file start-v4.txt (compact mmCIF, N, CA and C atoms and all ligand atoms)
# COMPACT_ATOMS: atom_id res chain seq x y z
N MET A 1 -23.14 -50.62 -37.01
CA MET A 1 -22.12 -50.17 -37.96
C MET A 1 -21.80 -48.69 -37.78
N ARG A 2 -22.79 -47.92 -37.33
CA ARG A 2 -22.51 -46.50 -37.05
C ARG A 2 -21.43 -46.38 -35.97
N LEU A 3 -21.48 -47.24 -34.97
CA LEU A 3 -20.47 -47.21 -33.90
C LEU A 3 -19.10 -47.57 -34.45
N ALA A 4 -19.05 -48.54 -35.36
CA ALA A 4 -17.78 -48.94 -35.97
C ALA A 4 -17.24 -47.80 -36.83
N LEU A 5 -18.13 -47.11 -37.52
CA LEU A 5 -17.70 -45.96 -38.33
C LEU A 5 -17.15 -44.84 -37.43
N ASP A 6 -17.80 -44.63 -36.28
CA ASP A 6 -17.28 -43.63 -35.33
C ASP A 6 -15.86 -44.00 -34.92
N GLN A 7 -15.64 -45.28 -34.67
CA GLN A 7 -14.29 -45.75 -34.31
C GLN A 7 -13.31 -45.48 -35.45
N ALA A 8 -13.72 -45.80 -36.67
CA ALA A 8 -12.84 -45.61 -37.84
C ALA A 8 -12.39 -44.16 -37.95
N GLU A 9 -13.31 -43.25 -37.64
CA GLU A 9 -12.98 -41.82 -37.76
C GLU A 9 -11.98 -41.38 -36.70
N ARG A 10 -11.78 -42.20 -35.67
CA ARG A 10 -10.81 -41.86 -34.62
C ARG A 10 -9.43 -42.44 -34.88
N ALA A 11 -9.23 -43.05 -36.05
CA ALA A 11 -7.96 -43.73 -36.32
C ALA A 11 -6.80 -42.78 -36.53
N GLY A 12 -7.08 -41.49 -36.56
CA GLY A 12 -5.99 -40.51 -36.70
C GLY A 12 -5.25 -40.68 -38.01
N GLY A 13 -3.95 -40.84 -37.95
CA GLY A 13 -3.17 -40.97 -39.18
C GLY A 13 -3.13 -42.39 -39.71
N ASP A 14 -3.88 -43.28 -39.09
CA ASP A 14 -3.88 -44.68 -39.53
C ASP A 14 -5.02 -44.93 -40.51
N VAL A 15 -4.96 -46.05 -41.19
CA VAL A 15 -6.03 -46.42 -42.13
C VAL A 15 -7.35 -46.48 -41.35
N PRO A 16 -8.37 -45.73 -41.80
CA PRO A 16 -9.61 -45.62 -41.03
C PRO A 16 -10.49 -46.87 -41.09
N VAL A 17 -10.21 -47.79 -40.19
CA VAL A 17 -11.02 -48.98 -40.02
C VAL A 17 -11.43 -49.03 -38.56
N GLY A 18 -12.70 -49.30 -38.30
CA GLY A 18 -13.20 -49.37 -36.93
C GLY A 18 -13.99 -50.65 -36.72
N ALA A 19 -14.00 -51.11 -35.45
CA ALA A 19 -14.71 -52.36 -35.13
C ALA A 19 -15.32 -52.27 -33.74
N VAL A 20 -16.44 -52.96 -33.58
CA VAL A 20 -17.03 -53.12 -32.25
C VAL A 20 -17.46 -54.58 -32.09
N VAL A 21 -17.41 -55.06 -30.85
CA VAL A 21 -17.95 -56.38 -30.53
C VAL A 21 -19.20 -56.16 -29.69
N LEU A 22 -20.30 -56.71 -30.18
CA LEU A 22 -21.58 -56.59 -29.47
C LEU A 22 -21.87 -57.88 -28.71
N ALA A 23 -22.43 -57.72 -27.52
CA ALA A 23 -22.80 -58.88 -26.71
C ALA A 23 -23.97 -59.62 -27.35
N ALA A 24 -24.33 -60.75 -26.75
CA ALA A 24 -25.39 -61.59 -27.30
C ALA A 24 -26.72 -60.85 -27.41
N ASP A 25 -26.91 -59.80 -26.61
CA ASP A 25 -28.16 -59.04 -26.71
C ASP A 25 -28.21 -58.16 -27.96
N GLY A 26 -27.08 -58.06 -28.67
CA GLY A 26 -27.06 -57.32 -29.93
C GLY A 26 -26.90 -55.83 -29.78
N THR A 27 -26.87 -55.31 -28.56
CA THR A 27 -26.76 -53.86 -28.39
C THR A 27 -25.62 -53.45 -27.46
N THR A 28 -25.30 -54.25 -26.45
CA THR A 28 -24.24 -53.88 -25.50
C THR A 28 -22.88 -53.98 -26.17
N VAL A 29 -22.13 -52.89 -26.15
CA VAL A 29 -20.79 -52.90 -26.73
C VAL A 29 -19.80 -53.42 -25.69
N LEU A 30 -19.16 -54.54 -26.02
CA LEU A 30 -18.18 -55.15 -25.10
C LEU A 30 -16.77 -54.63 -25.37
N GLY A 31 -16.52 -54.31 -26.62
CA GLY A 31 -15.19 -53.85 -26.98
C GLY A 31 -15.25 -53.05 -28.27
N ALA A 32 -14.35 -52.10 -28.40
CA ALA A 32 -14.31 -51.30 -29.62
C ALA A 32 -12.85 -51.01 -29.95
N GLY A 33 -12.59 -50.73 -31.22
CA GLY A 33 -11.21 -50.42 -31.59
C GLY A 33 -11.13 -49.82 -32.98
N HIS A 34 -10.03 -49.17 -33.22
CA HIS A 34 -9.69 -48.70 -34.56
C HIS A 34 -8.22 -49.02 -34.77
N ASN A 35 -7.79 -48.94 -36.01
CA ASN A 35 -6.39 -49.28 -36.30
C ASN A 35 -5.45 -48.42 -35.45
N GLU A 36 -4.47 -49.06 -34.82
CA GLU A 36 -3.50 -48.32 -34.00
C GLU A 36 -2.07 -48.71 -34.34
N ARG A 37 -1.86 -49.19 -35.56
CA ARG A 37 -0.50 -49.58 -35.93
C ARG A 37 0.46 -48.42 -35.86
N GLU A 38 0.03 -47.29 -36.44
CA GLU A 38 0.91 -46.12 -36.44
C GLU A 38 1.12 -45.60 -35.02
N ALA A 39 0.03 -45.58 -34.23
CA ALA A 39 0.11 -45.02 -32.88
C ALA A 39 0.95 -45.88 -31.95
N THR A 40 0.90 -47.18 -32.13
CA THR A 40 1.57 -48.07 -31.17
C THR A 40 2.80 -48.77 -31.74
N GLY A 41 2.96 -48.74 -33.06
CA GLY A 41 4.07 -49.47 -33.66
C GLY A 41 3.87 -50.98 -33.61
N ASP A 42 2.64 -51.39 -33.39
CA ASP A 42 2.33 -52.82 -33.29
C ASP A 42 1.67 -53.28 -34.59
N PRO A 43 2.35 -54.17 -35.33
CA PRO A 43 1.78 -54.59 -36.62
C PRO A 43 0.46 -55.36 -36.49
N THR A 44 0.17 -55.87 -35.30
CA THR A 44 -1.08 -56.62 -35.13
C THR A 44 -2.22 -55.74 -34.60
N ALA A 45 -1.98 -54.45 -34.47
CA ALA A 45 -3.00 -53.57 -33.87
C ALA A 45 -4.06 -53.16 -34.89
N HIS A 46 -4.74 -54.14 -35.43
CA HIS A 46 -5.88 -53.90 -36.32
C HIS A 46 -7.12 -53.70 -35.46
N ALA A 47 -8.08 -52.96 -36.00
CA ALA A 47 -9.32 -52.64 -35.28
C ALA A 47 -10.00 -53.88 -34.70
N GLU A 48 -10.08 -54.94 -35.50
CA GLU A 48 -10.79 -56.15 -35.06
C GLU A 48 -10.08 -56.83 -33.89
N VAL A 49 -8.75 -56.94 -33.99
CA VAL A 49 -7.98 -57.59 -32.92
C VAL A 49 -8.14 -56.82 -31.62
N LEU A 50 -8.07 -55.50 -31.70
CA LEU A 50 -8.19 -54.68 -30.49
C LEU A 50 -9.59 -54.78 -29.90
N ALA A 51 -10.62 -54.77 -30.75
CA ALA A 51 -12.00 -54.87 -30.26
C ALA A 51 -12.24 -56.24 -29.61
N ILE A 52 -11.69 -57.29 -30.22
CA ILE A 52 -11.84 -58.65 -29.68
C ILE A 52 -11.12 -58.76 -28.32
N ARG A 53 -9.90 -58.23 -28.25
CA ARG A 53 -9.15 -58.28 -26.98
C ARG A 53 -9.89 -57.55 -25.87
N ARG A 54 -10.42 -56.38 -26.21
CA ARG A 54 -11.13 -55.59 -25.19
C ARG A 54 -12.43 -56.27 -24.77
N ALA A 55 -13.12 -56.89 -25.72
CA ALA A 55 -14.37 -57.58 -25.38
C ALA A 55 -14.08 -58.78 -24.46
N ALA A 56 -13.01 -59.51 -24.78
CA ALA A 56 -12.66 -60.67 -23.96
C ALA A 56 -12.24 -60.22 -22.55
N ALA A 57 -11.52 -59.10 -22.49
CA ALA A 57 -11.11 -58.58 -21.18
C ALA A 57 -12.34 -58.15 -20.39
N ASP A 58 -13.31 -57.54 -21.08
CA ASP A 58 -14.54 -57.09 -20.42
C ASP A 58 -15.33 -58.27 -19.89
N LEU A 59 -15.39 -59.34 -20.68
CA LEU A 59 -16.15 -60.52 -20.27
C LEU A 59 -15.37 -61.39 -19.28
N GLY A 60 -14.03 -61.25 -19.28
CA GLY A 60 -13.20 -62.11 -18.45
C GLY A 60 -13.21 -63.54 -18.98
N GLU A 61 -13.24 -63.65 -20.31
CA GLU A 61 -13.46 -64.96 -20.95
C GLU A 61 -12.98 -64.85 -22.40
N TRP A 62 -12.19 -65.81 -22.88
CA TRP A 62 -11.71 -65.70 -24.26
C TRP A 62 -12.77 -66.09 -25.28
N ARG A 63 -13.74 -66.86 -24.87
CA ARG A 63 -14.80 -67.28 -25.81
C ARG A 63 -15.85 -66.18 -25.92
N LEU A 64 -16.01 -65.68 -27.14
CA LEU A 64 -17.01 -64.63 -27.35
C LEU A 64 -18.25 -65.23 -28.01
N SER A 65 -18.62 -66.41 -27.58
CA SER A 65 -19.80 -67.09 -28.13
C SER A 65 -21.03 -66.21 -27.97
N GLY A 66 -21.83 -66.15 -29.02
CA GLY A 66 -23.05 -65.34 -28.99
C GLY A 66 -22.81 -63.90 -29.41
N CYS A 67 -21.56 -63.51 -29.47
CA CYS A 67 -21.24 -62.11 -29.79
C CYS A 67 -21.19 -61.88 -31.31
N THR A 68 -21.27 -60.61 -31.66
CA THR A 68 -21.19 -60.18 -33.06
C THR A 68 -20.04 -59.18 -33.20
N LEU A 69 -19.18 -59.41 -34.17
CA LEU A 69 -18.14 -58.43 -34.48
C LEU A 69 -18.62 -57.61 -35.68
N VAL A 70 -18.62 -56.30 -35.52
CA VAL A 70 -19.01 -55.40 -36.61
C VAL A 70 -17.77 -54.60 -36.99
N VAL A 71 -17.43 -54.61 -38.27
CA VAL A 71 -16.20 -53.92 -38.71
C VAL A 71 -16.46 -53.25 -40.05
N THR A 72 -15.82 -52.10 -40.25
CA THR A 72 -16.12 -51.31 -41.44
C THR A 72 -15.53 -51.90 -42.71
N LEU A 73 -14.46 -52.67 -42.57
CA LEU A 73 -13.79 -53.25 -43.75
C LEU A 73 -13.67 -54.76 -43.58
N GLU A 74 -13.80 -55.48 -44.66
CA GLU A 74 -13.64 -56.93 -44.63
C GLU A 74 -12.33 -57.31 -43.93
N PRO A 75 -12.38 -58.23 -42.98
CA PRO A 75 -11.18 -58.62 -42.22
C PRO A 75 -10.09 -59.23 -43.10
N CYS A 76 -8.84 -59.00 -42.68
CA CYS A 76 -7.68 -59.61 -43.34
C CYS A 76 -7.49 -61.04 -42.81
N THR A 77 -6.49 -61.74 -43.27
CA THR A 77 -6.28 -63.12 -42.82
C THR A 77 -5.99 -63.19 -41.32
N MET A 78 -5.19 -62.25 -40.80
CA MET A 78 -4.89 -62.26 -39.36
C MET A 78 -6.17 -62.09 -38.54
N CYS A 79 -6.95 -61.10 -38.93
CA CYS A 79 -8.18 -60.83 -38.17
C CYS A 79 -9.19 -61.95 -38.35
N ALA A 80 -9.25 -62.53 -39.54
CA ALA A 80 -10.13 -63.68 -39.75
C ALA A 80 -9.74 -64.80 -38.80
N GLY A 81 -8.44 -65.01 -38.62
CA GLY A 81 -7.96 -66.02 -37.68
C GLY A 81 -8.38 -65.69 -36.26
N ALA A 82 -8.25 -64.42 -35.89
CA ALA A 82 -8.65 -64.00 -34.53
C ALA A 82 -10.16 -64.17 -34.34
N ILE A 83 -10.92 -63.93 -35.38
CA ILE A 83 -12.38 -64.08 -35.32
C ILE A 83 -12.74 -65.54 -35.06
N VAL A 84 -12.09 -66.44 -35.81
CA VAL A 84 -12.36 -67.87 -35.62
C VAL A 84 -11.96 -68.29 -34.21
N GLN A 85 -10.78 -67.84 -33.77
CA GLN A 85 -10.29 -68.21 -32.44
C GLN A 85 -11.18 -67.69 -31.32
N SER A 86 -11.80 -66.55 -31.54
CA SER A 86 -12.62 -65.93 -30.48
C SER A 86 -14.00 -66.56 -30.39
N ARG A 87 -14.38 -67.32 -31.42
CA ARG A 87 -15.69 -68.00 -31.44
C ARG A 87 -16.88 -67.06 -31.53
N VAL A 88 -16.67 -65.86 -32.08
CA VAL A 88 -17.84 -65.00 -32.27
C VAL A 88 -18.83 -65.70 -33.20
N ASP A 89 -20.11 -65.44 -32.99
CA ASP A 89 -21.13 -66.13 -33.79
C ASP A 89 -21.40 -65.46 -35.13
N ARG A 90 -21.07 -64.16 -35.21
CA ARG A 90 -21.49 -63.41 -36.38
C ARG A 90 -20.47 -62.33 -36.69
N VAL A 91 -20.20 -62.15 -37.98
CA VAL A 91 -19.33 -61.07 -38.44
C VAL A 91 -20.14 -60.22 -39.41
N VAL A 92 -20.18 -58.94 -39.13
CA VAL A 92 -20.87 -58.00 -40.02
C VAL A 92 -19.83 -57.02 -40.52
N TYR A 93 -19.69 -56.90 -41.84
CA TYR A 93 -18.73 -55.90 -42.31
C TYR A 93 -19.32 -55.03 -43.41
N GLY A 94 -18.65 -53.88 -43.60
CA GLY A 94 -19.12 -52.91 -44.57
C GLY A 94 -18.52 -53.14 -45.94
N ALA A 95 -17.38 -52.50 -46.18
CA ALA A 95 -16.76 -52.56 -47.50
C ALA A 95 -15.99 -53.86 -47.71
N ARG A 96 -16.01 -54.34 -48.93
CA ARG A 96 -15.18 -55.50 -49.27
C ARG A 96 -13.74 -55.04 -49.48
N ASP A 97 -12.80 -55.93 -49.23
CA ASP A 97 -11.39 -55.65 -49.51
C ASP A 97 -10.93 -56.65 -50.55
N GLU A 98 -11.05 -56.25 -51.80
CA GLU A 98 -10.75 -57.18 -52.90
C GLU A 98 -9.28 -57.58 -52.94
N LYS A 99 -8.41 -56.75 -52.32
CA LYS A 99 -6.96 -57.02 -52.38
C LYS A 99 -6.47 -57.90 -51.25
N ALA A 100 -7.17 -57.88 -50.10
CA ALA A 100 -6.65 -58.62 -48.95
C ALA A 100 -7.74 -59.21 -48.07
N GLY A 101 -8.98 -59.19 -48.51
CA GLY A 101 -10.08 -59.65 -47.68
C GLY A 101 -10.07 -61.16 -47.47
N ALA A 102 -10.38 -61.56 -46.24
CA ALA A 102 -10.39 -63.00 -45.92
C ALA A 102 -11.75 -63.45 -45.39
N ALA A 103 -12.79 -62.73 -45.84
CA ALA A 103 -14.15 -63.12 -45.46
C ALA A 103 -15.06 -63.06 -46.68
N GLY A 104 -14.54 -63.59 -47.80
CA GLY A 104 -15.37 -63.69 -48.98
C GLY A 104 -14.73 -63.18 -50.27
N SER A 105 -13.79 -62.24 -50.16
CA SER A 105 -13.19 -61.69 -51.38
C SER A 105 -12.05 -62.54 -51.90
N LEU A 106 -10.87 -62.34 -51.31
CA LEU A 106 -9.70 -63.07 -51.79
C LEU A 106 -9.64 -64.48 -51.18
N TRP A 107 -9.98 -64.55 -49.91
CA TRP A 107 -10.10 -65.83 -49.20
C TRP A 107 -11.43 -65.83 -48.46
N ASP A 108 -11.80 -66.99 -47.92
CA ASP A 108 -12.95 -67.03 -47.02
C ASP A 108 -12.58 -67.87 -45.81
N VAL A 109 -11.61 -67.36 -45.05
CA VAL A 109 -11.08 -68.08 -43.90
C VAL A 109 -12.17 -68.32 -42.85
N VAL A 110 -13.02 -67.32 -42.62
CA VAL A 110 -14.01 -67.44 -41.55
C VAL A 110 -15.07 -68.51 -41.82
N ARG A 111 -15.26 -68.86 -43.09
CA ARG A 111 -16.27 -69.89 -43.41
C ARG A 111 -15.63 -71.15 -44.01
N ASP A 112 -14.33 -71.31 -43.76
CA ASP A 112 -13.63 -72.48 -44.27
C ASP A 112 -14.14 -73.72 -43.55
N ARG A 113 -14.67 -74.68 -44.31
CA ARG A 113 -15.29 -75.87 -43.72
C ARG A 113 -14.29 -76.75 -42.97
N ARG A 114 -12.99 -76.52 -43.21
CA ARG A 114 -11.98 -77.33 -42.51
C ARG A 114 -11.79 -76.85 -41.07
N LEU A 115 -12.30 -75.67 -40.75
CA LEU A 115 -12.16 -75.15 -39.39
C LEU A 115 -13.37 -75.57 -38.56
N ASN A 116 -13.15 -75.65 -37.25
CA ASN A 116 -14.21 -76.16 -36.37
C ASN A 116 -15.21 -75.08 -35.95
N HIS A 117 -14.91 -73.84 -36.31
CA HIS A 117 -15.86 -72.77 -35.96
C HIS A 117 -16.05 -71.87 -37.17
N ARG A 118 -17.28 -71.68 -37.58
CA ARG A 118 -17.57 -70.85 -38.74
C ARG A 118 -18.69 -69.88 -38.42
N PRO A 119 -18.34 -68.62 -38.18
CA PRO A 119 -19.39 -67.64 -37.88
C PRO A 119 -20.21 -67.30 -39.12
N GLU A 120 -21.41 -66.84 -38.87
CA GLU A 120 -22.25 -66.30 -39.95
C GLU A 120 -21.60 -65.00 -40.42
N VAL A 121 -21.67 -64.71 -41.72
CA VAL A 121 -21.08 -63.48 -42.26
C VAL A 121 -22.17 -62.68 -42.98
N ILE A 122 -22.25 -61.41 -42.62
CA ILE A 122 -23.17 -60.50 -43.30
C ILE A 122 -22.33 -59.35 -43.82
N GLU A 123 -22.31 -59.16 -45.12
CA GLU A 123 -21.46 -58.11 -45.68
C GLU A 123 -22.28 -57.02 -46.34
N GLY A 124 -21.61 -55.90 -46.57
CA GLY A 124 -22.23 -54.82 -47.34
C GLY A 124 -23.07 -53.84 -46.53
N VAL A 125 -22.97 -53.91 -45.18
CA VAL A 125 -23.76 -52.99 -44.35
C VAL A 125 -23.10 -51.60 -44.35
N LEU A 126 -23.83 -50.61 -44.83
CA LEU A 126 -23.30 -49.24 -44.97
C LEU A 126 -21.97 -49.25 -45.74
N ALA A 127 -21.89 -50.13 -46.72
CA ALA A 127 -20.64 -50.32 -47.47
C ALA A 127 -20.13 -49.03 -48.09
N ASP A 128 -21.03 -48.21 -48.62
CA ASP A 128 -20.59 -46.98 -49.28
C ASP A 128 -19.95 -46.02 -48.29
N ASP A 129 -20.55 -45.90 -47.11
CA ASP A 129 -19.99 -45.01 -46.08
C ASP A 129 -18.62 -45.52 -45.65
N CYS A 130 -18.51 -46.83 -45.44
CA CYS A 130 -17.24 -47.42 -45.00
C CYS A 130 -16.16 -47.23 -46.05
N ALA A 131 -16.51 -47.45 -47.31
CA ALA A 131 -15.54 -47.34 -48.40
C ALA A 131 -15.13 -45.89 -48.61
N ARG A 132 -16.08 -44.96 -48.45
CA ARG A 132 -15.79 -43.55 -48.67
C ARG A 132 -14.68 -43.07 -47.73
N LEU A 133 -14.74 -43.47 -46.47
CA LEU A 133 -13.71 -43.09 -45.50
C LEU A 133 -12.33 -43.52 -45.99
N LEU A 134 -12.26 -44.73 -46.50
CA LEU A 134 -10.97 -45.28 -46.96
C LEU A 134 -10.50 -44.57 -48.22
N THR A 135 -11.43 -44.35 -49.15
CA THR A 135 -11.07 -43.68 -50.40
C THR A 135 -10.52 -42.29 -50.12
N GLU A 136 -11.19 -41.56 -49.22
CA GLU A 136 -10.75 -40.21 -48.90
C GLU A 136 -9.38 -40.24 -48.22
N PHE A 137 -9.18 -41.21 -47.34
CA PHE A 137 -7.89 -41.33 -46.65
C PHE A 137 -6.75 -41.54 -47.64
N PHE A 138 -6.95 -42.47 -48.57
CA PHE A 138 -5.87 -42.77 -49.52
C PHE A 138 -5.70 -41.69 -50.57
N ARG A 139 -6.78 -40.99 -50.90
CA ARG A 139 -6.70 -39.90 -51.86
C ARG A 139 -5.85 -38.75 -51.29
N ASP A 140 -6.00 -38.52 -49.97
CA ASP A 140 -5.27 -37.43 -49.32
C ASP A 140 -3.79 -37.76 -49.12
N ARG A 141 -3.39 -38.98 -49.37
CA ARG A 141 -1.99 -39.36 -49.17
C ARG A 141 -1.14 -39.00 -50.36
ZN ZN A 201 -6.78 -57.26 -39.97

call {"tool": "encode", "arguments": {"input": "start-v4.txt", "output": "structure tokens"}}
result
Amino acid sequence: MRLALDQAERAGGDVPVGAVVLAADGTTVLGAGHNEREATGDPTAHAEVLAIRRAAADLGEWRLSGCTLVVTLEPCTMCAGAIVQSRVDRVVYGARDEKAGAAGSLWDVVRDRRLNHRPEVIEGVLADDCARLLTEFFRDR
């Protein structure tokens, strides 16, 4: 989560959310990302999507089986969809997103029993640090 927080701090003028994809060994970083919507003008450039794309490119394989996605903020519906599609085994997130979260708060897309892939979800890791970054960002706006 410290690595994901480092990513979040690099988001520049974008909402500070960071993500990393760890290989099955739990330590090798396959992909990392932070929000780049403002930088790229791409509405899908969320930290999780970018980290997943980079991890898949690194592996040369779209299936991220055995991998763990670590992200500072609870994933939205789009990212939850990307998580299910990528087949990561585990999602670890920091702060909950009560307004748009899709991994336990508003929805629970990643653990929906109707889907054929349901990763394990661990929430609340360094939640205060993750939330503080966001609170400070929005307070300064
Ligand atoms: Zn998202």

call {"tool": "axis_aligned_box", "arguments": {"input": "start-v4.txt", "around": "region 81-87 of chain A", "padding_each_side": "6 Å", "output": "AutoDock Vina command-line options"}}
result
--center_x -12.4 --center_y -66.1 --center_z -34.5 --size_x 20.9 --size_y 16.4 --size_z 20.2

call {"tool": "atom_distance", "arguments": {"input": "start-v4.txt", "atom1": "CA of Leu59 (chain A)", "atom2": "CA of Val125 (chain A)"}}
result
26.4 Å

call {"tool": "residues_near_ligand", "arguments": {"input": "start-v4.txt", "ligand": "ligand ZN 201 (chain A)", "cutoff": "7 Å", "atoms": "all atoms listed in the file", "output": "NGL selection string"}}
result
:A and (46-49 or 74-80)

call {"tool": "atom_distance", "arguments": {"input": "start-v4.txt", "atom1": "atom C of Leu30 (chain A)", "atom2": "atom C of Ser65 (chain A)"}}
result
12.6 Å

call {"tool": "select_by_dssp", "arguments": {"input": "start-v4.txt", "residues": "chain A", "states": "strand (DSSP E or B)", "output": "PyMOL selection string"}}
result
chain A and resi 18-22+29-34+68-73+90-95+103+108+120-123

call {"tool": "write_last_selection", "arguments": {"input": "start-v4.txt", "atoms": "N, CA and C atoms", "output": "PDB file, in the frame of the given file"}}
result
ATOM      1  N   GLY A  18     -12.700 -49.300 -38.300  1.00  0.00           N
ATOM      2  CA  GLY A  18     -13.200 -49.370 -36.930  1.00  0.00           C
ATOM      3  C   GLY A  18     -13.990 -50.650 -36.720  1.00  0.00           C
ATOM      4  N   ALA A  19     -14.000 -51.110 -35.450  1.00  0.00           N
ATOM      5  CA  ALA A  19     -14.710 -52.360 -35.130  1.00  0.00           C
ATOM      6  C   ALA A  19     -15.320 -52.270 -33.740  1.00  0.00           C
ATOM      7  N   VAL A  20     -16.440 -52.960 -33.580  1.00  0.00           N
ATOM      8  CA  VAL A  20     -17.030 -53.120 -32.250  1.00  0.00           C
ATOM      9  C   VAL A  20     -17.460 -54.580 -32.090  1.00  0.00           C
ATOM     10  N   VAL A  21     -17.410 -55.060 -30.850  1.00  0.00           N
ATOM     11  CA  VAL A  21     -17.950 -56.380 -30.530  1.00  0.00           C
ATOM     12  C   VAL A  21     -19.200 -56.160 -29.690  1.00  0.00           C
ATOM     13  N   LEU A  22     -20.300 -56.710 -30.180  1.00  0.00           N
ATOM     14  CA  LEU A  22     -21.580 -56.590 -29.470  1.00  0.00           C
ATOM     15  C   LEU A  22     -21.870 -57.880 -28.710  1.00  0.00           C
ATOM     16  N   VAL A  29     -22.130 -52.890 -26.150  1.00  0.00           N
ATOM     17  CA  VAL A  29     -20.790 -52.900 -26.730  1.00  0.00           C
ATOM     18  C   VAL A  29     -19.800 -53.420 -25.690  1.00  0.00           C
ATOM     19  N   LEU A  30     -19.160 -54.540 -26.020  1.00  0.00           N
ATOM     20  CA  LEU A  30     -18.180 -55.150 -25.100  1.00  0.00           C
ATOM     21  C   LEU A  30     -16.770 -54.630 -25.370  1.00  0.00           C
ATOM     22  N   GLY A  31     -16.520 -54.310 -26.620  1.00  0.00           N
ATOM     23  CA  GLY A  31     -15.190 -53.850 -26.980  1.00  0.00           C
ATOM     24  C   GLY A  31     -15.250 -53.050 -28.270  1.00  0.00           C
ATOM     25  N   ALA A  32     -14.350 -52.100 -28.400  1.00  0.00           N
ATOM     26  CA  ALA A  32     -14.310 -51.300 -29.620  1.00  0.00           C
ATOM     27  C   ALA A  32     -12.850 -51.010 -29.950  1.00  0.00           C
ATOM     28  N   GLY A  33     -12.590 -50.730 -31.220  1.00  0.00           N
ATOM     29  CA  GLY A  33     -11.210 -50.420 -31.590  1.00  0.00           C
ATOM     30  C   GLY A  33     -11.130 -49.820 -32.980  1.00  0.00           C
ATOM     31  N   HIS A  34     -10.030 -49.170 -33.220  1.00  0.00           N
ATOM     32  CA  HIS A  34      -9.690 -48.700 -34.560  1.00  0.00           C
ATOM     33  C   HIS A  34      -8.220 -49.020 -34.770  1.00  0.00           C
ATOM     34  N   THR A  68     -21.270 -60.610 -31.660  1.00  0.00           N
ATOM     35  CA  THR A  68     -21.190 -60.180 -33.060  1.00  0.00           C
ATOM     36  C   THR A  68     -20.040 -59.180 -33.200  1.00  0.00           C
ATOM     37  N   LEU A  69     -19.180 -59.410 -34.170  1.00  0.00           N
ATOM     38  CA  LEU A  69     -18.140 -58.430 -34.480  1.00  0.00           C
ATOM     39  C   LEU A  69     -18.620 -57.610 -35.680  1.00  0.00           C
ATOM     40  N   VAL A  70     -18.620 -56.300 -35.520  1.00  0.00           N
ATOM     41  CA  VAL A  70     -19.010 -55.400 -36.610  1.00  0.00           C
ATOM     42  C   VAL A  70     -17.770 -54.600 -36.990  1.00  0.00           C
ATOM     43  N   VAL A  71     -17.430 -54.610 -38.270  1.00  0.00           N
ATOM     44  CA  VAL A  71     -16.200 -53.920 -38.710  1.00  0.00           C
ATOM     45  C   VAL A  71     -16.460 -53.250 -40.050  1.00  0.00           C
ATOM     46  N   THR A  72     -15.820 -52.100 -40.250  1.00  0.00           N
ATOM     47  CA  THR A  72     -16.120 -51.310 -41.440  1.00  0.00           C
ATOM     48  C   THR A  72     -15.530 -51.900 -42.710  1.00  0.00           C
ATOM     49  N   LEU A  73     -14.460 -52.670 -42.570  1.00  0.00           N
ATOM     50  CA  LEU A  73     -13.790 -53.250 -43.750  1.00  0.00           C
ATOM     51  C   LEU A  73     -13.670 -54.760 -43.580  1.00  0.00           C
ATOM     52  N   ARG A  90     -21.070 -64.160 -35.210  1.00  0.00           N
ATOM     53  CA  ARG A  90     -21.490 -63.410 -36.380  1.00  0.00           C
ATOM     54  C   ARG A  90     -20.470 -62.330 -36.690  1.00  0.00           C
ATOM     55  N   VAL A  91     -20.200 -62.150 -37.980  1.00  0.00           N
ATOM     56  CA  VAL A  91     -19.330 -61.070 -38.440  1.00  0.00           C
ATOM     57  C   VAL A  91     -20.140 -60.220 -39.410  1.00  0.00           C
ATOM     58  N   VAL A  92     -20.180 -58.940 -39.130  1.00  0.00           N
ATOM     59  CA  VAL A  92     -20.870 -58.000 -40.020  1.00  0.00           C
ATOM     60  C   VAL A  92     -19.830 -57.020 -40.520  1.00  0.00           C
ATOM     61  N   TYR A  93     -19.690 -56.900 -41.840  1.00  0.00           N
ATOM     62  CA  TYR A  93     -18.730 -55.900 -42.310  1.00  0.00           C
ATOM     63  C   TYR A  93     -19.320 -55.030 -43.410  1.00  0.00           C
ATOM     64  N   GLY A  94     -18.650 -53.880 -43.600  1.00  0.00           N
ATOM     65  CA  GLY A  94     -19.120 -52.910 -44.570  1.00  0.00           C
ATOM     66  C   GLY A  94     -18.520 -53.140 -45.940  1.00  0.00           C
ATOM     67  N   ALA A  95     -17.380 -52.500 -46.180  1.00  0.00           N
ATOM     68  CA  ALA A  95     -16.760 -52.560 -47.500  1.00  0.00           C
ATOM     69  C   ALA A  95     -15.990 -53.860 -47.710  1.00  0.00           C
ATOM     70  N   ALA A 103     -12.790 -62.730 -45.840  1.00  0.00           N
ATOM     71  CA  ALA A 103     -14.150 -63.120 -45.460  1.00  0.00           C
ATOM     72  C   ALA A 103     -15.060 -63.060 -46.680  1.00  0.00           C
ATOM     73  N   ASP A 108     -11.800 -66.990 -47.920  1.00  0.00           N
ATOM     74  CA  ASP A 108     -12.950 -67.030 -47.020  1.00  0.00           C
ATOM     75  C   ASP A 108     -12.580 -67.870 -45.810  1.00  0.00           C
ATOM     76  N   GLU A 120     -21.410 -66.840 -38.870  1.00  0.00           N
ATOM     77  CA  GLU A 120     -22.250 -66.300 -39.950  1.00  0.00           C
ATOM     78  C   GLU A 120     -21.600 -65.000 -40.420  1.00  0.00           C
ATOM     79  N   VAL A 121     -21.670 -64.710 -41.720  1.00  0.00           N
ATOM     80  CA  VAL A 121     -21.080 -63.480 -42.260  1.00  0.00           C
ATOM     81  C   VAL A 121     -22.170 -62.680 -42.980  1.00  0.00           C
ATOM     82  N   ILE A 122     -22.250 -61.410 -42.620  1.00  0.00           N
ATOM     83  CA  ILE A 122     -23.170 -60.500 -43.300  1.00  0.00           C
ATOM     84  C   ILE A 122     -22.330 -59.350 -43.820  1.00  0.00           C
ATOM     85  N   GLU A 123     -22.310 -59.160 -45.120  1.00  0.00           N
ATOM     86  CA  GLU A 123     -21.460 -58.110 -45.680  1.00  0.00           C
ATOM     87  C   GLU A 123     -22.280 -57.020 -46.340  1.00  0.00           C
TER      88      GLU A 123
END
